[in-house]
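Q: Have a look at this one.
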Amino acid sequence: MDVRAPKGTVDMLPEVASAWEHMTRTAQTLFARYGYEPIYTPMFEHTEVFERGIGEATDIVSKEMYTFEDKGGRMITLRPEGTASVVRSALEHNLVQQGSSAKLYYAGPMFRYERPQKGRQRQFWQIGIECLGAADPSVDAEVITVLWRFFETIGIPAASMRLLINSMGDEHCRPAYRDKVAAHIREHSAGLCEECNRRADTNPLRAFDCKNPACATIMATAPLLRDELCDECAAHYAAVKVRLDMLGIPYIEEPKLVRGLDYYTRTVFEVQADAGLGSQNAIGGGGRYDRLFEEYGGKPTPGLGFALGFERTLLCMEAAGVQVPALPRSQVYVARVSDDVAEEVFGITQALRDAGVAAEMDHQSRSLKSQFKQADRLGAQFVVICGPEELACGEATVRNMGTKEESRVAVADLSAALRDLLV
RNA sequence: GUGGGUGUAGCUCAGUUGGUUAGAGCGUCGGACUGUGGCUCCGAAGGUCGCGGGUUCGAGCCCCGUUACCCACCCCA
């Protein structure tokens, strides 16, 4: 059989997995400070959840979803992102009571059927937060700040990232703007690529994302939503910026920032970085989605959130030379001098573990010398040497691997003594 | 879906104009006087040279196919 992981997936071996857990812990600590609580939603949903939420015309829904029919005839899709599920769950359990809000965070794998390349896999991990029920611009500024602070905290130099923000408008001003952009596209139809021409009907704003130089030139002269925002949206956007200014969060206004999900309204943002990411540049992004609850048949409920990519963040960390703190391995290695004390060694090792000391022993009858090498490799600070001599006296030798000092300790006192020494 | 690149020991790679038993470094395991590590030295294990055809007296090296991975386009985390 083929033992290789499926295309676009990778095994996270201990070294990478440690970095993973480091990122998770960092996020948990940071998010808790802002009042976010964990939520775990299923990794698959009814296909409709994503089709309605993310939008039929988006790349994600139209060509990247892992969709299948289960044995009960249900159409199921592996989640391509986190927000849709969280909002669906919030509706199911009525998490957003009248006048209150829910602040949630999640972490886990997402699935998109794409051709893998650097910084892009079919299964990839995201961690994200969602703030549901709050319409105030201070929440926009808060969410953006959490995202920025996360990257700072994890060790990515601020100078190597940039935060882009924009406003997508709302149901009052966006439709008219959409029409203007569509008109602009049709007007310059001849100079635009096939894809962009199609976008005139499906999703005109995405034409701003086109990397085709000719399209970019033409779209550069298109009307900007910034100039077409209704009064409420303009005021909201301005208030968000005031708060980011207050906090010194260094944003860049990018009027052409559109993002690939249909549910966004008003504030959208994206953190980009270059180092280590291949041709990718987004490491995190999000926005406000004030109409999404209604899309699912719920009452009007504002919300916004972000998601950041674990793999890409890790690539950036590597490029920046960030050292991930190593998890402590064995603190103590219990070595046996001869096989006839094997049972005592086994018992002592377990006693240490029960006392809260990370202890390891040899299970392969290796020579004492090998056991020391093993202890050294594991980073053990102490080796407990169990020989017939010591054990006959009810003692063992404790060697400090750093100082090479050795002392005899009664077996009964080993756990207590080592706990003190390891402080 | 399209294009380009690459597939030789666990890892990183050498392998000369096709020619005998395919190499190195790192790692692993063992050893260097009797119960002791990190350095050094010695030794050992470990390879269907991605897979299948073909050319040839002979192919890891050439040709065809195939597959996997990587990178890029598209789009995004």
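In the structure tokens, chains take letters A, B, ... by order of appearance, with residues numbered from 1 within each chain and ligands from 1 in the order shown.
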Among range 63-117 of chain A, which residues carry a DSSP assignment of strand (DSSP E or B), reported as a list in words?
A: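 Answer for range 63-117 of chain A, restricted to strand (DSSP E or B): Tyr66, Thr67, Phe68, Glu69, Met75, Ile76, Thr77, Leu78, Ala102, Lys103, Leu104, Tyr105, Tyr106, Ala107, Gly108, Pro109, Met110, Phe111 and Gln117 of chain A.
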Q: Excluding G1 in chain B and any residue of its chain fewer than 6 positions from it, enumerate the residues within 10 Å of it, using only C-alpha atoms (C1' of nucleotides), and give them as a PyMOL selection string.
A: (chain A and resi 114-115) or (chain B and resi 74)
Q: Just need the residues of chain A within 9 Å of chain B, counting only C-alpha atoms (C1' of nucleotides), so spit them out as a short mmCIF file (atom, residue, chain, number, x, y, z; two decimals) with N, CA, C and O atoms, in the first residue's frame.
A:
data_model
loop_
_atom_site.label_atom_id
_atom_site.label_comp_id
_atom_site.auth_asym_id
_atom_site.auth_seq_id
_atom_site.Cartn_x
_atom_site.Cartn_y
_atom_site.Cartn_z
N LYS A 7 -2.30 13.79 -1.39
CA LYS A 7 -1.86 15.04 -2.01
C LYS A 7 -2.40 16.25 -1.24
O LYS A 7 -3.59 16.30 -0.93
N ASP A 59 -14.64 31.41 -5.68
CA ASP A 59 -13.76 30.31 -6.07
C ASP A 59 -13.91 29.14 -5.11
O ASP A 59 -13.91 27.98 -5.50
N ILE A 60 -14.02 29.49 -3.84
CA ILE A 60 -14.10 28.43 -2.82
C ILE A 60 -15.26 27.50 -3.11
O ILE A 60 -15.11 26.28 -3.16
N GLU A 81 -13.58 26.88 5.48
CA GLU A 81 -13.23 28.01 6.35
C GLU A 81 -14.09 27.91 7.59
O GLU A 81 -14.96 27.03 7.69
N GLN A 117 0.97 24.20 -3.39
CA GLN A 117 2.25 24.85 -3.67
C GLN A 117 2.72 25.46 -2.36
O GLN A 117 2.14 25.21 -1.31
N LYS A 118 3.79 26.23 -2.42
CA LYS A 118 4.34 26.75 -1.17
C LYS A 118 3.31 27.60 -0.46
O LYS A 118 2.76 28.54 -1.03
N GLY A 119 3.04 27.29 0.78
CA GLY A 119 2.08 28.07 1.55
C GLY A 119 0.64 27.75 1.21
O GLY A 119 -0.26 28.50 1.60
N ARG A 120 0.43 26.67 0.46
CA ARG A 120 -0.96 26.31 0.14
C ARG A 120 -1.14 24.81 0.08
O ARG A 120 -0.47 24.13 -0.68
N PHE A 124 -5.34 22.58 5.54
CA PHE A 124 -4.50 23.59 6.18
C PHE A 124 -5.20 24.04 7.45
O PHE A 124 -6.40 23.88 7.61
N TRP A 125 -4.43 24.60 8.35
CA TRP A 125 -4.99 24.97 9.65
C TRP A 125 -5.23 26.46 9.78
O TRP A 125 -4.41 27.26 9.37
N GLN A 126 -6.36 26.76 10.37
CA GLN A 126 -6.64 28.15 10.67
C GLN A 126 -7.00 28.29 12.13
O GLN A 126 -7.55 27.38 12.74
N ARG A 259 -11.28 40.67 -1.08
CA ARG A 259 -11.40 39.39 -0.39
C ARG A 259 -12.40 38.46 -1.08
O ARG A 259 -13.31 38.90 -1.76
N GLY A 260 -12.16 37.16 -0.86
CA GLY A 260 -12.83 36.19 -1.70
C GLY A 260 -14.12 35.60 -1.19
O GLY A 260 -14.58 34.60 -1.71
N GLY A 278 6.59 32.03 -0.58
CA GLY A 278 6.45 31.72 -2.00
C GLY A 278 5.67 32.83 -2.67
O GLY A 278 5.94 34.00 -2.44
N SER A 279 4.71 32.47 -3.48
CA SER A 279 3.96 33.51 -4.18
C SER A 279 2.71 33.91 -3.39
O SER A 279 1.92 34.72 -3.86
N GLN A 280 2.54 33.34 -2.22
CA GLN A 280 1.42 33.75 -1.37
C GLN A 280 1.82 34.97 -0.56
O GLN A 280 3.01 35.21 -0.33
N ALA A 282 -0.92 36.50 1.93
CA ALA A 282 -1.86 36.71 3.04
C ALA A 282 -1.61 35.70 4.15
O ALA A 282 -1.58 34.50 3.92
N ILE A 283 -1.40 36.20 5.35
CA ILE A 283 -1.24 35.27 6.48
C ILE A 283 -2.47 35.32 7.41
O ILE A 283 -2.63 34.45 8.25
N GLY A 284 -3.29 36.34 7.22
CA GLY A 284 -4.50 36.40 8.03
C GLY A 284 -5.42 37.45 7.45
O GLY A 284 -4.98 38.37 6.77
N GLY A 285 -6.71 37.27 7.67
CA GLY A 285 -7.63 38.27 7.14
C GLY A 285 -9.02 38.03 7.66
O GLY A 285 -9.31 36.99 8.26
N ALA A 307 -9.48 35.07 10.36
CA ALA A 307 -8.86 33.75 10.40
C ALA A 307 -7.40 33.93 9.99
O ALA A 307 -7.09 34.78 9.16
N LEU A 308 -6.54 33.19 10.61
CA LEU A 308 -5.13 33.26 10.21
C LEU A 308 -4.64 31.86 9.93
O LEU A 308 -5.13 30.89 10.50
N GLY A 309 -3.68 31.76 9.04
CA GLY A 309 -3.20 30.46 8.61
C GLY A 309 -1.98 30.01 9.38
O GLY A 309 -0.97 30.70 9.42
N PHE A 310 -2.10 28.84 9.97
CA PHE A 310 -0.98 28.29 10.75
C PHE A 310 0.24 28.06 9.88
O PHE A 310 1.34 28.48 10.21
N GLU A 311 0.07 27.37 8.76
CA GLU A 311 1.21 27.01 7.93
C GLU A 311 1.96 28.26 7.47
O GLU A 311 3.18 28.32 7.53
N ARG A 312 1.21 29.23 7.02
CA ARG A 312 1.87 30.44 6.51
C ARG A 312 2.53 31.22 7.63
O ARG A 312 3.59 31.81 7.45
N THR A 313 1.87 31.25 8.77
CA THR A 313 2.48 31.93 9.91
C THR A 313 3.80 31.27 10.27
O THR A 313 4.80 31.95 10.52
N ARG A 336 20.30 1.83 34.38
CA ARG A 336 20.60 0.61 35.13
C ARG A 336 21.99 0.13 34.76
O ARG A 336 22.42 0.22 33.61
N VAL A 337 22.69 -0.35 35.78
CA VAL A 337 24.05 -0.82 35.55
C VAL A 337 24.04 -2.23 35.01
O VAL A 337 24.83 -2.58 34.15
N SER A 338 23.11 -3.03 35.49
CA SER A 338 23.02 -4.41 35.01
C SER A 338 21.56 -4.82 34.94
O SER A 338 20.69 -4.21 35.58
N LEU A 368 25.38 0.74 29.77
CA LEU A 368 25.30 1.94 30.60
C LEU A 368 25.73 3.16 29.79
O LEU A 368 25.14 4.23 29.85
N LYS A 369 26.79 2.96 29.04
CA LYS A 369 27.29 4.07 28.21
C LYS A 369 26.21 4.56 27.24
O LYS A 369 25.98 5.76 27.10
N SER A 370 25.53 3.63 26.63
CA SER A 370 24.46 4.01 25.70
C SER A 370 23.34 4.74 26.43
O SER A 370 22.74 5.66 25.89
N GLN A 371 23.09 4.27 27.63
CA GLN A 371 22.02 4.93 28.39
C GLN A 371 22.39 6.38 28.68
O GLN A 371 21.55 7.27 28.63
N PHE A 372 23.66 6.61 28.94
CA PHE A 372 24.08 8.00 29.18
C PHE A 372 23.95 8.83 27.91
O PHE A 372 23.54 9.98 27.93
N LYS A 373 24.31 8.23 26.81
CA LYS A 373 24.18 8.96 25.55
C LYS A 373 22.71 9.31 25.32
O LYS A 373 22.36 10.40 24.88
N GLN A 374 21.87 8.33 25.60
CA GLN A 374 20.43 8.54 25.44
C GLN A 374 19.96 9.66 26.36
O GLN A 374 19.21 10.55 25.95
N ALA A 375 20.41 9.62 27.60
CA ALA A 375 20.02 10.64 28.58
C ALA A 375 20.46 12.01 28.10
O ALA A 375 19.72 12.99 28.18
N ASP A 376 21.65 12.06 27.56
CA ASP A 376 22.18 13.32 27.06
C ASP A 376 21.34 13.83 25.90
O ASP A 376 21.00 15.00 25.81
N ARG A 377 20.98 12.91 25.02
CA ARG A 377 20.21 13.30 23.85
C ARG A 377 18.82 13.80 24.25
O ARG A 377 18.26 14.68 23.62
N ILE A 385 21.54 6.64 38.72
CA ILE A 385 22.26 5.41 38.40
C ILE A 385 21.91 4.33 39.41
O ILE A 385 22.10 4.50 40.62
N GLY A 387 22.73 0.76 40.50
CA GLY A 387 23.62 -0.39 40.44
C GLY A 387 23.36 -1.30 41.64
O GLY A 387 22.77 -0.87 42.62
N MET A 401 23.94 16.17 35.31
CA MET A 401 24.58 16.09 33.99
C MET A 401 25.29 17.37 33.61
O MET A 401 26.15 17.39 32.73
#
Q: What's the 12 Å shell around G25 in chain B, counting only C-alpha atoms (C1' of nucleotides), without same-chain residues fewer than 2 positions away, as a PyMOL selection string?
A: chain B and resi 11-14+23+27
Q: Running DSSP on the backbone, which parts of range 72-157 of chain A land in alpha helix (DSSP H), as a list in words?
A: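 After running DSSP on the backbone, range 72-157 of chain A has alpha helix (DSSP H) at Thr83, Ala84, Ser85, Val86, Val87, Arg88, Ser89, Ala90, Leu91, Glu92, Pro137, Ser138, Val139, Asp140, Ala141, Glu142, Val143, Ile144, Thr145, Val146, Leu147, Trp148, Arg149, Phe150, Phe151, Glu152, Thr153 and Ile154 of chain A.
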Q: Restricted to N, CA, C and O atoms, what would the selected residues look like written as a short mmCIF file (atom, residue, chain, number, x, y, z; two decimals), in the first residue's frame?
A:
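again.cif, written as the output of this step:
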data_model
loop_
_atom_site.label_atom_id
_atom_site.label_comp_id
_atom_site.auth_asym_id
_atom_site.auth_seq_id
_atom_site.Cartn_x
_atom_site.Cartn_y
_atom_site.Cartn_z
N THR A 83 -15.84 30.56 9.54
CA THR A 83 -16.89 31.49 9.94
C THR A 83 -18.29 30.93 9.73
O THR A 83 -19.16 31.05 10.60
N ALA A 84 -18.52 30.32 8.58
CA ALA A 84 -19.86 29.84 8.26
C ALA A 84 -20.36 28.87 9.32
O ALA A 84 -21.51 28.95 9.77
N SER A 85 -19.49 27.98 9.76
CA SER A 85 -19.88 27.00 10.76
C SER A 85 -20.21 27.65 12.10
O SER A 85 -21.15 27.27 12.78
N VAL A 86 -19.38 28.61 12.48
CA VAL A 86 -19.59 29.26 13.78
C VAL A 86 -20.92 30.01 13.77
O VAL A 86 -21.68 29.96 14.74
N VAL A 87 -21.20 30.68 12.69
CA VAL A 87 -22.45 31.42 12.61
C VAL A 87 -23.64 30.45 12.60
O VAL A 87 -24.65 30.67 13.27
N ARG A 88 -23.50 29.37 11.87
CA ARG A 88 -24.55 28.36 11.85
C ARG A 88 -24.79 27.83 13.26
O ARG A 88 -25.92 27.68 13.73
N SER A 89 -23.72 27.55 13.98
CA SER A 89 -23.82 27.04 15.34
C SER A 89 -24.45 28.07 16.27
O SER A 89 -25.26 27.74 17.13
N ALA A 90 -24.07 29.32 16.08
CA ALA A 90 -24.62 30.39 16.93
C ALA A 90 -26.12 30.50 16.74
O ALA A 90 -26.87 30.77 17.68
N LEU A 91 -26.56 30.24 15.51
CA LEU A 91 -28.00 30.27 15.24
C LEU A 91 -28.68 29.06 15.88
O LEU A 91 -29.71 29.19 16.55
N GLU A 92 -28.10 27.90 15.69
CA GLU A 92 -28.70 26.68 16.23
C GLU A 92 -28.89 26.77 17.73
O GLU A 92 -29.92 26.36 18.27
N PRO A 137 -18.12 50.12 15.79
CA PRO A 137 -16.79 50.12 15.15
C PRO A 137 -15.66 49.78 16.10
O PRO A 137 -14.57 49.38 15.65
N SER A 138 -15.87 49.94 17.39
CA SER A 138 -14.80 49.58 18.33
C SER A 138 -14.51 48.08 18.26
O SER A 138 -13.39 47.65 18.54
N VAL A 139 -15.53 47.29 17.90
CA VAL A 139 -15.29 45.85 17.76
C VAL A 139 -14.42 45.58 16.54
O VAL A 139 -13.54 44.72 16.57
N ASP A 140 -14.66 46.30 15.48
CA ASP A 140 -13.82 46.14 14.29
C ASP A 140 -12.36 46.40 14.66
O ASP A 140 -11.46 45.62 14.32
N ALA A 141 -12.17 47.50 15.38
CA ALA A 141 -10.80 47.87 15.76
C ALA A 141 -10.22 46.83 16.71
O ALA A 141 -9.03 46.49 16.62
N GLU A 142 -11.06 46.28 17.58
CA GLU A 142 -10.58 45.27 18.52
C GLU A 142 -10.13 44.01 17.78
O GLU A 142 -9.04 43.48 18.03
N VAL A 143 -10.96 43.54 16.89
CA VAL A 143 -10.65 42.31 16.16
C VAL A 143 -9.37 42.47 15.34
O VAL A 143 -8.50 41.60 15.31
N ILE A 144 -9.27 43.60 14.68
CA ILE A 144 -8.06 43.86 13.89
C ILE A 144 -6.84 43.90 14.79
O ILE A 144 -5.78 43.36 14.46
N THR A 145 -7.01 44.50 15.94
CA THR A 145 -5.90 44.59 16.90
C THR A 145 -5.47 43.22 17.39
O THR A 145 -4.27 42.93 17.50
N VAL A 146 -6.44 42.36 17.69
CA VAL A 146 -6.09 41.01 18.15
C VAL A 146 -5.25 40.30 17.09
O VAL A 146 -4.24 39.67 17.39
N LEU A 147 -5.66 40.43 15.84
CA LEU A 147 -4.94 39.78 14.75
C LEU A 147 -3.50 40.28 14.68
O LEU A 147 -2.54 39.52 14.61
N TRP A 148 -3.37 41.60 14.71
CA TRP A 148 -2.04 42.21 14.61
C TRP A 148 -1.17 41.83 15.80
O TRP A 148 0.00 41.45 15.65
N ARG A 149 -1.76 41.87 16.97
CA ARG A 149 -1.01 41.52 18.18
C ARG A 149 -0.57 40.06 18.16
O ARG A 149 0.50 39.71 18.66
N PHE A 150 -1.41 39.20 17.59
CA PHE A 150 -1.02 37.79 17.54
C PHE A 150 0.28 37.64 16.76
O PHE A 150 1.22 36.99 17.21
N PHE A 151 0.33 38.25 15.61
CA PHE A 151 1.53 38.10 14.79
C PHE A 151 2.74 38.73 15.48
O PHE A 151 3.84 38.18 15.43
N GLU A 152 2.52 39.84 16.12
CA GLU A 152 3.63 40.46 16.87
C GLU A 152 4.11 39.53 17.97
O GLU A 152 5.30 39.31 18.16
N THR A 153 3.14 38.99 18.72
CA THR A 153 3.48 38.15 19.87
C THR A 153 4.21 36.88 19.45
O THR A 153 5.12 36.42 20.13
N ILE A 154 3.80 36.33 18.31
CA ILE A 154 4.40 35.08 17.89
C ILE A 154 5.80 35.31 17.34
O ILE A 154 6.56 34.37 17.12
#
Q: Distance C1' of G3 in chain B-C1' of C73 in chain B, one decimal place?
A: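 We find that C1' of G3 in chain B and C1' of C73 in chain B lie 7.7 Å from each other.
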Q: With the cut-off set at 10 Å and counting only C-alpha atoms, tabulate each residue of range 10-44 of chain A with an atom at most that distance from an atom of range 102-109 of chain A, showing the nearest atom pair and its distance in Å to one decimal, ordered by chain and increasing number, as a Markdown table.
A:
| residue | atom | partner | partner_atom | distance |
| --- | --- | --- | --- | --- |
| A:Thr24 | CA | A:Ala107 | CA | 7.8 |
| A:Ala27 | CA | A:Tyr105 | CA | 9.2 |
| A:Gln28 | CA | A:Tyr105 | CA | 8.5 |
| A:Phe31 | CA | A:Tyr105 | CA | 7.6 |
| A:Ala32 | CA | A:Tyr105 | CA | 9.2 |
| A:Tyr34 | CA | A:Lys103 | CA | 8.8 |
| A:Gly35 | CA | A:Lys103 | CA | 6.6 |
| A:Tyr36 | CA | A:Lys103 | CA | 4.7 |
| A:Glu37 | CA | A:Leu104 | CA | 4.7 |
| A:Pro38 | CA | A:Tyr105 | CA | 4.9 |
| A:Ile39 | CA | A:Tyr106 | CA | 5.5 |
| A:Tyr40 | CA | A:Tyr106 | CA | 6.2 |
| A:Thr41 | CA | A:Tyr106 | CA | 8.2 |
| A:Met43 | CA | A:Pro109 | CA | 7.7 |
Q: Output C-alpha atoms for every residue in the selection just made, as a PDB file, in the first residue's frame.
A:
ATOM      1  CA  THR A  24      -2.195  27.530  19.764  1.00  0.00           C
ATOM      2  CA  ALA A  27      -3.424  32.420  20.635  1.00  0.00           C
ATOM      3  CA  GLN A  28      -5.428  31.048  23.527  1.00  0.00           C
ATOM      4  CA  PHE A  31      -7.671  35.720  22.853  1.00  0.00           C
ATOM      5  CA  ALA A  32      -8.705  35.065  26.451  1.00  0.00           C
ATOM      6  CA  TYR A  34      -9.931  39.951  24.941  1.00  0.00           C
ATOM      7  CA  GLY A  35     -12.753  37.794  26.263  1.00  0.00           C
ATOM      8  CA  TYR A  36     -12.923  35.149  23.535  1.00  0.00           C
ATOM      9  CA  GLU A  37     -14.047  31.641  24.434  1.00  0.00           C
ATOM     10  CA  PRO A  38     -13.332  28.422  22.561  1.00  0.00           C
ATOM     11  CA  ILE A  39     -15.827  26.744  20.273  1.00  0.00           C
ATOM     12  CA  TYR A  40     -15.464  23.535  18.297  1.00  0.00           C
ATOM     13  CA  THR A  41     -17.813  23.036  15.399  1.00  0.00           C
ATOM     14  CA  MET A  43     -15.278  19.686  10.416  1.00  0.00           C
TER      15      MET A  43
END
Q: If I take CA of Gly82 in chain A and CA of Glu232 in chain A, how far is one from the other in Å, to one decimal?
A: 28.3 Å
Q: I'd like the interatomic distance between C1' of C61 in chain B and C1' of G15 in chain B, to a tenth of an Å.
A: 8.8 Å
Q: Identify which of the residues A:Glu130, A:Glu254, A:Asp262, A:Glu270 lies closest to Glu295 in chain A, counting only C-alpha atoms when measuring atom-to-atom distances.
A: A:Asp262
Q: Find the residues near C64 in chain B: any atom within 12 Å, counting only C-alpha atoms (C1' of nucleotides), skip ones fewer than 3 places away on the same chain, and give them as a CSV table (one decimal) with N, CA and C atoms (P, O5', C5', C4', C3', O3' and C1' of nucleotides), in the first residue's frame.
A:
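result-v8.csv, written as the output of this step:
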chain,number,residue,atom,x,y,z
B,52,G,P,9.2,-1.7,-11.9
B,52,G,O5',8.4,-1.5,-13.3
B,52,G,C5',7.0,-1.8,-13.4
B,52,G,C4',6.6,-1.5,-14.8
B,52,G,C3',7.6,-1.9,-15.9
B,52,G,O3',7.4,-3.3,-16.2
B,52,G,C1',6.8,0.3,-16.4
B,53,G,P,8.5,-4.0,-17.1
B,53,G,O5',8.1,-3.5,-18.6
B,53,G,C5',9.0,-3.5,-19.6
B,53,G,C4',8.4,-2.6,-20.7
B,53,G,C3',9.5,-2.4,-21.8
B,53,G,O3',9.5,-3.5,-22.8
B,53,G,C1',8.6,-0.3,-21.1
B,54,G,P,10.9,-4.2,-23.1
B,54,G,O5',11.6,-3.1,-24.0
B,54,G,C5',10.8,-2.6,-25.1
B,54,G,C4',11.5,-1.3,-25.7
B,54,G,C3',12.9,-1.5,-26.0
B,54,G,O3',13.1,-2.1,-27.3
B,54,G,C1',12.6,0.6,-24.9
B,55,U,P,14.5,-2.9,-27.6
B,55,U,O5',15.5,-1.8,-27.7
B,55,U,C5',15.4,-0.8,-28.8
B,55,U,C4',16.6,0.2,-28.7
B,55,U,C3',17.9,-0.5,-28.6
B,55,U,O3',18.4,-0.9,-29.8
B,55,U,C1',17.7,1.3,-27.0
Q: Excluding same-chain residues fewer than 5 positions from range 213-218 of chain A, what lies within 9 Å of it counting only C-alpha atoms (C1' of nucleotides), as a PyMOL selection string?
A: chain A and resi 184-185+188+191-193+196+207-208
